[in-house]
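What follows is the content of upload_15.tsv, which has TSV, C-alpha atoms:
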```tsv
chain	number	residue	atom	x	y	z
A	1	MET	CA	-5.00	22.64	8.63
A	2	ASP	CA	-2.58	22.34	11.57
A	3	ASN	CA	0.76	20.64	12.13
A	4	VAL	CA	-0.85	17.56	13.71
A	5	ALA	CA	-1.82	16.20	10.30
A	6	ASN	CA	0.71	18.15	8.26
A	7	ASN	CA	3.64	16.32	9.90
A	8	PHE	CA	2.38	12.98	8.54
A	9	SER	CA	3.36	12.45	4.89
A	10	TYR	CA	1.58	9.98	2.63
A	11	VAL	CA	1.59	8.62	-0.91
A	12	LEU	CA	-1.27	7.23	-2.99
A	13	ILE	CA	-1.24	4.48	-5.60
A	14	THR	CA	-4.15	4.00	-8.02
A	15	PRO	CA	-4.26	0.97	-10.32
A	16	CYS	CA	-6.99	1.69	-12.87
A	17	ARG	CA	-8.37	0.16	-16.05
A	18	ASN	CA	-11.01	1.66	-18.34
A	19	GLU	CA	-12.22	4.24	-15.82
A	20	ALA	CA	-12.76	7.14	-18.26
A	21	ARG	CA	-16.34	7.60	-17.01
A	22	PHE	CA	-15.32	8.14	-13.41
A	23	ILE	CA	-11.63	8.93	-12.95
A	24	GLU	CA	-11.90	12.68	-13.40
A	25	GLU	CA	-14.04	12.88	-10.26
A	26	THR	CA	-11.31	11.01	-8.39
A	27	LEU	CA	-8.67	13.36	-9.80
A	28	LYS	CA	-10.68	16.42	-8.77
A	29	SER	CA	-11.17	14.99	-5.28
A	30	VAL	CA	-7.45	14.40	-4.67
A	31	VAL	CA	-6.31	17.70	-6.17
A	32	ALA	CA	-8.71	19.52	-3.82
A	33	GLN	CA	-7.39	17.87	-0.64
A	34	THR	CA	-6.46	20.14	2.25
A	35	LEU	CA	-3.41	17.90	2.74
A	36	LEU	CA	-1.94	16.74	-0.55
A	37	PRO	CA	0.00	13.49	-0.99
A	38	MET	CA	3.75	13.65	-1.45
A	39	ARG	CA	3.26	11.55	-4.59
A	40	TRP	CA	0.28	10.01	-6.36
A	41	VAL	CA	1.16	7.23	-8.78
A	42	ILE	CA	-1.66	6.35	-11.16
A	43	VAL	CA	-1.00	3.08	-12.98
A	44	ASN	CA	-3.07	2.92	-16.17
A	45	ASP	CA	-3.32	-0.86	-16.46
A	46	GLY	CA	-3.86	-1.38	-20.17
A	47	SER	CA	-6.97	0.77	-20.61
A	48	THR	CA	-8.57	0.80	-24.05
A	49	ASP	CA	-10.58	3.98	-23.40
A	50	SER	CA	-9.39	7.54	-22.66
A	51	THR	CA	-8.37	6.90	-19.05
A	52	GLY	CA	-4.69	7.59	-19.77
A	53	ASP	CA	-5.41	10.82	-21.63
A	54	ILE	CA	-7.54	12.18	-18.78
A	55	VAL	CA	-4.87	11.40	-16.19
A	56	ALA	CA	-2.10	12.81	-18.41
A	57	LYS	CA	-3.87	16.18	-18.46
A	58	TYR	CA	-3.76	16.38	-14.67
A	59	ALA	CA	-0.21	15.01	-14.42
A	60	ALA	CA	0.95	17.84	-16.70
A	61	GLN	CA	-0.51	20.36	-14.25
A	62	HIS	CA	0.63	18.76	-10.96
A	63	SER	CA	4.20	17.56	-10.54
A	64	TRP	CA	3.26	15.20	-7.70
A	65	ILE	CA	1.00	13.13	-10.00
A	66	ASP	CA	2.92	10.36	-11.76
A	67	LEU	CA	1.25	8.47	-14.63
A	68	VAL	CA	2.45	4.98	-15.52
A	69	ASN	CA	1.03	3.33	-18.65
A	70	ARG	CA	1.05	-0.45	-18.83
A	71	PRO	CA	0.43	-2.38	-22.09
A	72	VAL	CA	-3.05	-3.48	-23.14
A	73	ARG	CA	-4.04	-6.96	-21.97
A	74	LYS	CA	-7.12	-9.07	-22.70
A	75	ASP	CA	-7.91	-10.61	-19.33
A	76	ARG	CA	-9.21	-8.89	-16.20
A	77	ASN	CA	-8.39	-10.35	-12.79
A	78	PHE	CA	-7.61	-9.19	-9.29
A	79	ALA	CA	-4.00	-10.39	-9.32
A	80	ALA	CA	-3.34	-7.91	-12.14
A	81	LYS	CA	-4.46	-5.11	-9.85
A	82	VAL	CA	-1.81	-6.15	-7.32
A	83	TYR	CA	0.87	-6.26	-10.03
A	84	ALA	CA	-0.13	-2.76	-11.12
A	85	PHE	CA	-0.11	-1.56	-7.51
A	86	ASN	CA	3.35	-3.02	-6.96
A	87	GLU	CA	4.64	-1.24	-10.05
A	88	GLY	CA	3.37	2.00	-8.56
A	89	LEU	CA	4.96	1.06	-5.23
A	90	GLN	CA	8.34	0.81	-6.93
A	91	ARG	CA	8.00	4.44	-8.03
A	92	VAL	CA	7.81	5.70	-4.43
A	93	GLN	CA	10.46	3.49	-2.83
A	94	GLY	CA	12.87	6.39	-2.38
A	95	LEU	CA	10.37	8.53	-0.46
A	96	LYS	CA	10.20	8.59	3.33
A	97	VAL	CA	6.53	8.48	4.25
A	98	GLU	CA	4.47	7.35	7.21
A	99	LEU	CA	1.42	6.24	5.25
A	100	ILE	CA	0.66	4.57	1.93
A	101	GLY	CA	-2.77	4.51	0.34
A	102	ASN	CA	-4.49	2.30	-2.22
A	103	LEU	CA	-7.12	4.38	-4.01
A	104	ASP	CA	-9.52	3.20	-6.71
A	105	GLY	CA	-10.02	5.38	-9.78
A	106	ASP	CA	-13.81	5.55	-9.60
A	107	ILE	CA	-14.66	7.22	-6.28
A	108	SER	CA	-15.08	10.79	-5.04
A	109	PHE	CA	-14.82	12.38	-1.59
A	110	GLY	CA	-14.62	15.63	0.33
A	111	SER	CA	-11.58	17.91	0.49
A	112	ASP	CA	-10.70	16.92	4.08
A	113	HIS	CA	-10.86	13.15	3.49
A	114	PHE	CA	-7.17	12.35	3.91
A	115	GLU	CA	-6.54	14.99	6.54
A	116	PHE	CA	-9.28	13.32	8.61
A	117	LEU	CA	-7.72	9.85	8.22
A	118	ILE	CA	-4.18	11.08	8.87
A	119	ARG	CA	-5.34	12.68	12.11
A	120	LYS	CA	-6.65	9.27	13.23
A	121	PHE	CA	-3.25	7.68	12.61
A	122	LYS	CA	-1.58	10.46	14.55
A	123	GLU	CA	-3.92	9.96	17.50
A	124	ASN	CA	-3.58	6.16	17.59
A	125	PRO	CA	-0.12	4.58	17.12
A	126	ALA	CA	-1.71	1.10	17.02
A	127	LEU	CA	-3.85	1.98	14.00
A	128	GLY	CA	-2.57	-0.01	11.02
A	129	VAL	CA	-5.25	0.42	8.34
A	130	ALA	CA	-7.97	3.05	8.08
A	131	GLY	CA	-10.78	4.07	5.75
A	132	THR	CA	-14.28	5.48	5.91
A	133	ALA	CA	-17.86	4.50	5.26
A	134	TYR	CA	-19.11	4.88	1.69
A	135	THR	CA	-22.24	5.42	-0.36
A	136	GLN	CA	-23.40	4.20	-3.76
A	137	ASP	CA	-25.91	5.48	-6.27
A	138	GLY	CA	-29.49	4.77	-5.30
A	139	GLY	CA	-29.17	5.80	-1.67
A	140	TRP	CA	-27.08	2.82	-0.51
A	141	ASP	CA	-24.97	3.52	2.61
A	142	SER	CA	-22.45	1.08	4.10
A	143	THR	CA	-23.33	2.09	7.67
A	144	ARG	CA	-26.94	1.04	7.13
A	145	ASP	CA	-27.01	-1.53	4.36
A	146	SER	CA	-24.17	-3.93	5.11
A	147	PHE	CA	-22.72	-5.97	7.96
A	148	GLU	CA	-19.14	-4.98	7.09
A	149	GLY	CA	-18.47	-3.49	10.49
A	150	GLU	CA	-16.22	-0.74	11.74
A	151	SER	CA	-13.10	-2.90	11.56
A	152	SER	CA	-13.55	-3.71	7.85
A	153	VAL	CA	-11.79	-1.25	5.53
A	154	HIS	CA	-13.03	-1.49	1.96
A	155	GLY	CA	-10.41	-1.75	-0.77
A	156	ALA	CA	-11.64	1.26	-2.75
A	157	CYS	CA	-9.78	3.51	-0.30
A	158	GLN	CA	-7.35	1.94	2.16
A	159	LEU	CA	-4.70	3.93	3.99
A	160	PHE	CA	-1.95	1.88	5.65
A	161	ARG	CA	0.65	2.77	8.20
A	162	TYR	CA	3.74	1.86	6.20
A	163	GLN	CA	5.13	-0.42	8.94
A	164	CYS	CA	1.83	-2.31	8.99
A	165	PHE	CA	1.97	-2.74	5.21
A	166	LEU	CA	5.45	-4.24	5.57
A	167	ASP	CA	4.34	-6.51	8.45
A	168	ILE	CA	1.58	-8.12	6.37
A	169	GLY	CA	3.81	-8.55	3.33
A	170	GLY	CA	1.78	-6.22	1.12
A	171	TYR	CA	-1.12	-7.35	-1.03
A	172	CYS	CA	-1.70	-11.00	-1.97
A	173	ALA	CA	-1.90	-11.40	-5.76
A	174	ASN	CA	-4.96	-13.65	-5.84
A	175	ARG	CA	-6.69	-13.90	-9.24
A	176	LEU	CA	-10.12	-14.50	-7.72
A	177	GLY	CA	-10.19	-11.45	-5.47
A	178	GLY	CA	-10.32	-10.63	-1.79
A	179	ILE	CA	-6.96	-8.86	-1.85
A	180	ASP	CA	-8.19	-5.92	0.24
A	181	TRP	CA	-9.91	-8.21	2.77
A	182	ILE	CA	-6.83	-10.42	3.14
A	183	ALA	CA	-4.65	-7.39	3.83
A	184	VAL	CA	-6.94	-5.88	6.46
A	185	THR	CA	-7.71	-9.16	8.24
A	186	THR	CA	-4.05	-10.13	8.30
A	187	ALA	CA	-3.26	-6.75	9.85
A	188	ARG	CA	-5.69	-7.46	12.70
A	189	MET	CA	-4.30	-10.96	13.12
A	190	ARG	CA	-0.84	-9.42	13.46
A	191	GLY	CA	-2.07	-7.16	16.26
A	192	TRP	CA	-2.79	-3.94	14.37
A	193	GLU	CA	-6.05	-2.05	14.74
A	194	THR	CA	-8.13	-1.52	11.59
A	195	ARG	CA	-10.94	1.04	11.47
A	196	ASN	CA	-13.62	2.09	9.05
A	197	TYR	CA	-14.79	5.48	10.34
A	198	PRO	CA	-18.47	6.39	9.84
A	199	ASP	CA	-17.85	10.12	10.43
A	200	ILE	CA	-17.30	10.85	6.73
A	201	ARG	CA	-17.88	8.98	3.48
A	202	TYR	CA	-16.62	8.56	-0.03
A	203	HIS	CA	-18.99	7.91	-2.91
A	204	HIS	CA	-18.82	4.98	-5.31
A	205	PRO	CA	-21.09	5.55	-8.32
A	206	ARG	CA	-21.81	1.89	-9.06
A	207	THR	CA	-22.48	-1.21	-7.01
A	208	MET	CA	-19.22	-2.76	-5.81
A	209	GLY	CA	-18.11	-5.73	-7.89
A	210	THR	CA	-20.23	-4.91	-10.95
A	211	ALA	CA	-17.55	-3.38	-13.19
A	212	GLU	CA	-18.13	-6.00	-15.90
A	213	LYS	CA	-21.24	-7.84	-14.69
A	214	GLY	CA	-24.68	-7.29	-13.20
A	215	PRO	CA	-25.81	-7.46	-9.54
A	216	LEU	CA	-26.60	-11.19	-9.66
A	217	GLY	CA	-23.24	-12.05	-11.19
A	218	ALA	CA	-21.53	-9.94	-8.55
A	219	ALA	CA	-23.49	-11.69	-5.76
A	220	PHE	CA	-22.49	-15.09	-7.16
A	221	ASP	CA	-18.82	-14.06	-7.21
A	222	TYR	CA	-19.08	-12.70	-3.66
A	223	GLY	CA	-20.43	-16.08	-2.57
A	224	LYS	CA	-17.45	-17.84	-4.13
A	225	LYS	CA	-15.13	-15.38	-2.46
A	226	ASP	CA	-16.78	-15.94	0.92
A	227	TYR	CA	-15.89	-19.62	0.59
A	228	PHE	CA	-12.31	-19.39	-0.60
A	229	LEU	CA	-11.52	-16.73	2.02
A	230	GLY	CA	-12.59	-19.22	4.69
A	231	GLY	CA	-15.95	-17.82	5.77
A	232	SER	CA	-18.00	-19.92	8.19
A	233	PRO	CA	-21.02	-21.77	6.69
A	234	VAL	CA	-23.13	-20.59	9.65
A	235	TRP	CA	-22.24	-16.97	9.00
A	236	GLN	CA	-22.87	-17.46	5.29
A	237	LEU	CA	-26.42	-18.70	5.86
A	238	CYS	CA	-27.11	-15.65	8.00
A	239	ARG	CA	-25.61	-13.40	5.34
A	240	VAL	CA	-27.78	-15.02	2.65
A	241	ALA	CA	-30.91	-14.47	4.76
A	242	TYR	CA	-29.98	-10.82	5.24
A	243	ARG	CA	-29.16	-10.41	1.55
A	244	MET	CA	-32.66	-11.56	0.65
A	245	THR	CA	-34.03	-8.42	2.31
A	246	LYS	CA	-32.07	-6.19	-0.10
A	247	LYS	CA	-32.48	-5.66	-3.84
A	248	PRO	CA	-32.63	-7.85	-5.90
A	249	PHE	CA	-34.05	-9.61	-2.83
A	250	VAL	CA	-34.49	-13.42	-3.03
A	251	LEU	CA	-32.52	-13.78	-6.26
A	252	GLY	CA	-29.58	-11.88	-4.83
A	253	GLY	CA	-29.51	-14.10	-1.74
A	254	LEU	CA	-29.79	-17.26	-3.82
A	255	ALA	CA	-26.95	-16.13	-6.10
A	256	LEU	CA	-24.79	-15.53	-3.03
A	257	LEU	CA	-25.62	-18.98	-1.65
A	258	LEU	CA	-25.08	-20.68	-5.02
A	259	GLY	CA	-21.65	-19.11	-5.39
A	260	TYR	CA	-20.59	-20.32	-1.94
A	261	CYS	CA	-21.97	-23.85	-2.49
A	262	MET	CA	-20.40	-24.24	-5.94
A	263	ALA	CA	-17.02	-23.12	-4.63
A	264	ALA	CA	-17.34	-25.62	-1.78
A	265	ALA	CA	-18.31	-28.42	-4.18
A	266	GLN	CA	-15.33	-27.60	-6.38
A	267	ARG	CA	-13.10	-27.32	-3.30
A	268	LEU	CA	-11.51	-24.16	-4.62
A	269	ASP	CA	-8.02	-23.56	-3.34
A	270	ARG	CA	-7.90	-20.99	-0.58
A	271	PRO	CA	-5.24	-18.27	-0.89
A	272	VAL	CA	-5.19	-17.83	2.89
A	273	SER	CA	-3.54	-19.78	5.69
A	274	ARG	CA	-5.40	-21.99	8.15
A	275	GLU	CA	-4.33	-19.52	10.81
A	276	LEU	CA	-6.16	-16.71	9.00
A	277	VAL	CA	-9.26	-18.88	8.44
A	278	ARG	CA	-9.46	-19.64	12.18
A	279	PHE	CA	-9.03	-15.97	13.02
A	280	HIS	CA	-11.68	-14.94	10.49
A	281	ARG	CA	-14.26	-17.46	11.72
A	282	SER	CA	-13.63	-16.46	15.32
A	283	GLU	CA	-14.44	-12.86	14.40
A	284	GLN	CA	-17.57	-13.92	12.52
A	285	MET	CA	-18.92	-15.94	15.44
A	286	LYS	CA	-18.36	-13.07	17.87
A	287	LYS	CA	-20.19	-10.70	15.53
A	288	LEU	CA	-23.03	-13.19	15.12
A	289	LYS	CA	-23.28	-13.49	18.90
A	290	MET	CA	-23.59	-9.70	19.13
A	291	ILE	CA	-26.36	-9.67	16.51
A	292	LEU	CA	-28.33	-12.51	18.12
A	293	GLY	CA	-27.90	-10.92	21.53
A	294	SER	CA	-29.47	-7.71	20.28
A	295	MET	CA	-32.38	-9.63	18.74
A	296	ILE	CA	-33.03	-11.61	21.95
A	297	ARG	CA	-33.08	-8.36	23.97
A	298	LEU	CA	-35.45	-6.88	21.38
A	299	ARG	CA	-32.95	-4.16	20.61
A	300	ARG	CA	-32.34	-2.62	17.22
A	301	VAL	CA	-29.71	-4.66	15.38
A	302	ARG	CA	-26.80	-2.52	14.33
A	303	THR	CA	-25.68	-3.27	10.80
A	304	TYR	CA	-22.50	-1.27	11.22
A	305	LEU	CA	-20.95	-3.52	13.83
A	306	PRO	CA	-18.29	-2.24	16.25
A	307	PRO	CA	-14.83	-3.81	16.26
A	308	VAL	CA	-14.69	-7.27	17.84
A	309	PRO	CA	-11.66	-7.78	20.10
A	310	VAL	CA	-9.80	-10.93	19.10
A	311	LYS	CA	-6.47	-11.89	20.62
A	312	PRO	CA	-3.81	-11.50	17.91
A	313	ALA	CA	-1.87	-14.51	16.73
A	314	GLN	CA	1.47	-15.10	18.40
```

Could you spell out this file's structure in structure tokens?
Amino acid sequence: MDNVANNFSYVLITPCRNEARFIEETLKSVVAQTLLPMRWVIVNDGSTDSTGDIVAKYAAQHSWIDLVNRPVRKDRNFAAKVYAFNEGLQRVQGLKVELIGNLDGDISFGSDHFEFLIRKFKENPALGVAGTAYTQDGGWDSTRDSFEGESSVHGACQLFRYQCFLDIGGYCANRLGGIDWIAVTTARMRGWETRNYPDIRYHHPRTMGTAEKGPLGAAFDYGKKDYFLGGSPVWQLCRVAYRMTKKPFVLGGLALLLGYCMAAAQRLDRPVSRELVRFHRSEQMKKLKMILGSMIRLRRVRTYLPPVPVKPAQ
């Protein structure tokens, strides 16, 4: 490790709930980092399993790990994750850091994960949010099996330049989800660069969005989210067609389409501005143009799409 990365300090915040099966792997991953965080606040958000006990064991051994226990609650929603994150944020307000990270409590990664990301921030002053590609059990790889793109930073591990986090107003406490997407897309709209680097990966042991439901239920919810986050109907149809080529194949694509259509029929309130919807759809159409262009030229279609330049909002 050299001074290039060492001169950049960072903190991590982990809202977690009932992650006893996975959180020790996350703890081991962070403790083994070549560049440790100045502080890691783990907010145990009303877990009813042994999550708090596992974290407490590590907090007793490492002074930079801070465990916060919140009371048990019955409901599970995405807004609660933001409230837990903000409680952790309050615990680091007195620290002077360049970067702040949101880290889920069910992933694992190599010992140089944060040193790698910090180096990217050091090299690029315009970089506002950064993360990496990821894998899931069963051989799934985000660089091959999704159209997320290199500018989309998944919420399981997001590292923000602190000034960028302030510029976007932090996370939006939306009960239905999309909080990570809103943050990253708003950052781009405000003129910051966002990058999802394929050089290294973290591992997520279960399919994203299936913490308390199966793959079809998750696909249905993703379809609803695509609508209320302002996704274009044209893009959605293309996404559904692509989803039908992946397990559980046709049923997964139909669940995604049904979720989008039901949300549209119900006219669900959108937690995003019209400005952000226009920006989002502009990005989607440019990506779709890239995909169709590759198909017309009989070139291999890249699933891991490069960043699409879009003029930031004034």

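Across the structure, CA of Arg281 in chain A and CA of Tyr134 in chain A are spaced 25.0 Å apart.
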
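Put simply, CA of Ala173 in chain A is 14.7 Å away from CA of Gly88 in chain A.
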
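CA of Phe147 in chain A lies 22.3 Å from CA of Phe160 in chain A.
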
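Using all atoms listed in the file, the smallest distance between any of A:Trp64, A:Tyr222, A:Phe22, A:Phe121 and Arg39 in chain A comes from A:Trp64.
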
List as an MDAnalysis selection string the protein and nucleic acid residues near Phe220 in chain A, meaning an atom at most 6 Å away when all atoms listed in the file are counted, but skip any in the same chain fewer than 3 places from it.
chainID A and resid 217 223 255:256 259

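If you measure from each of A:Arg274, A:Asp45, A:Asn86, A:Glu25 to Lys74 in chain A using all atoms listed in the file, the closest one turns out to be A:Asp45.
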
Set out as a tab-separated table a contact list for range 100-173 of chain A and range 286-295 of chain A with a cut-off of 12 Å, giving each residue of range 100-173 of chain A that qualifies its closest atom pair and distance in Å to one decimal, counting only C-alpha atoms, ordered by chain and rising residue number.
```
residue	atom	partner	partner_atom	distance
A:Phe147	CA	A:Lys287	CA	9.3
A:Glu148	CA	A:Lys287	CA	10.2
A:Gly149	CA	A:Lys287	CA	9.0
A:Glu150	CA	A:Lys287	CA	11.4
A:Ser151	CA	A:Lys287	CA	11.3
```

Residue with smallest distance to Asn174 in chain A - pool A:Ala20, A:Leu12, A:Val272, A:Met285, counting only C-alpha atoms:
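For Asn174 in chain A, the nearest of the candidates is A:Val272.
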
Hey, what's within 12 Å of Gly170 in chain A if we count only C-alpha atoms and toss same-chain stuff fewer than 2 positions away? As a PyMOL selection string, please?
chain A and resi 82-83+85-86+89+100-102+160-168+172-173+179-184+186-187

Quick one: write out the picked residues with C-alpha atoms as a PDB file, in the coordinates of the input?
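Result went into selection-v4.pdb, see below:
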```pdb
ATOM      1  CA  VAL A  82      -1.810  -6.150  -7.320  1.00  0.00           C
ATOM      2  CA  TYR A  83       0.870  -6.260 -10.030  1.00  0.00           C
ATOM      3  CA  PHE A  85      -0.110  -1.560  -7.510  1.00  0.00           C
ATOM      4  CA  ASN A  86       3.350  -3.020  -6.960  1.00  0.00           C
ATOM      5  CA  LEU A  89       4.960   1.060  -5.230  1.00  0.00           C
ATOM      6  CA  ILE A 100       0.660   4.570   1.930  1.00  0.00           C
ATOM      7  CA  GLY A 101      -2.770   4.510   0.340  1.00  0.00           C
ATOM      8  CA  ASN A 102      -4.490   2.300  -2.220  1.00  0.00           C
ATOM      9  CA  PHE A 160      -1.950   1.880   5.650  1.00  0.00           C
ATOM     10  CA  ARG A 161       0.650   2.770   8.200  1.00  0.00           C
ATOM     11  CA  TYR A 162       3.740   1.860   6.200  1.00  0.00           C
ATOM     12  CA  GLN A 163       5.130  -0.420   8.940  1.00  0.00           C
ATOM     13  CA  CYS A 164       1.830  -2.310   8.990  1.00  0.00           C
ATOM     14  CA  PHE A 165       1.970  -2.740   5.210  1.00  0.00           C
ATOM     15  CA  LEU A 166       5.450  -4.240   5.570  1.00  0.00           C
ATOM     16  CA  ASP A 167       4.340  -6.510   8.450  1.00  0.00           C
ATOM     17  CA  ILE A 168       1.580  -8.120   6.370  1.00  0.00           C
ATOM     18  CA  CYS A 172      -1.700 -11.000  -1.970  1.00  0.00           C
ATOM     19  CA  ALA A 173      -1.900 -11.400  -5.760  1.00  0.00           C
ATOM     20  CA  ILE A 179      -6.960  -8.860  -1.850  1.00  0.00           C
ATOM     21  CA  ASP A 180      -8.190  -5.920   0.240  1.00  0.00           C
ATOM     22  CA  TRP A 181      -9.910  -8.210   2.770  1.00  0.00           C
ATOM     23  CA  ILE A 182      -6.830 -10.420   3.140  1.00  0.00           C
ATOM     24  CA  ALA A 183      -4.650  -7.390   3.830  1.00  0.00           C
ATOM     25  CA  VAL A 184      -6.940  -5.880   6.460  1.00  0.00           C
ATOM     26  CA  THR A 186      -4.050 -10.130   8.300  1.00  0.00           C
ATOM     27  CA  ALA A 187      -3.260  -6.750   9.850  1.00  0.00           C
TER      28      ALA A 187
END
```

Kindly indicate which residue among A:Cys261, A:Ala130, A:Leu276, A:Ala32 lies nearest to Val240 in chain A, using only C-alpha atoms for the distances.
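Checking each of A:Cys261, A:Ala130, A:Leu276, A:Ala32 against Val240 in chain A, counting only C-alpha atoms, the winner is A:Cys261.
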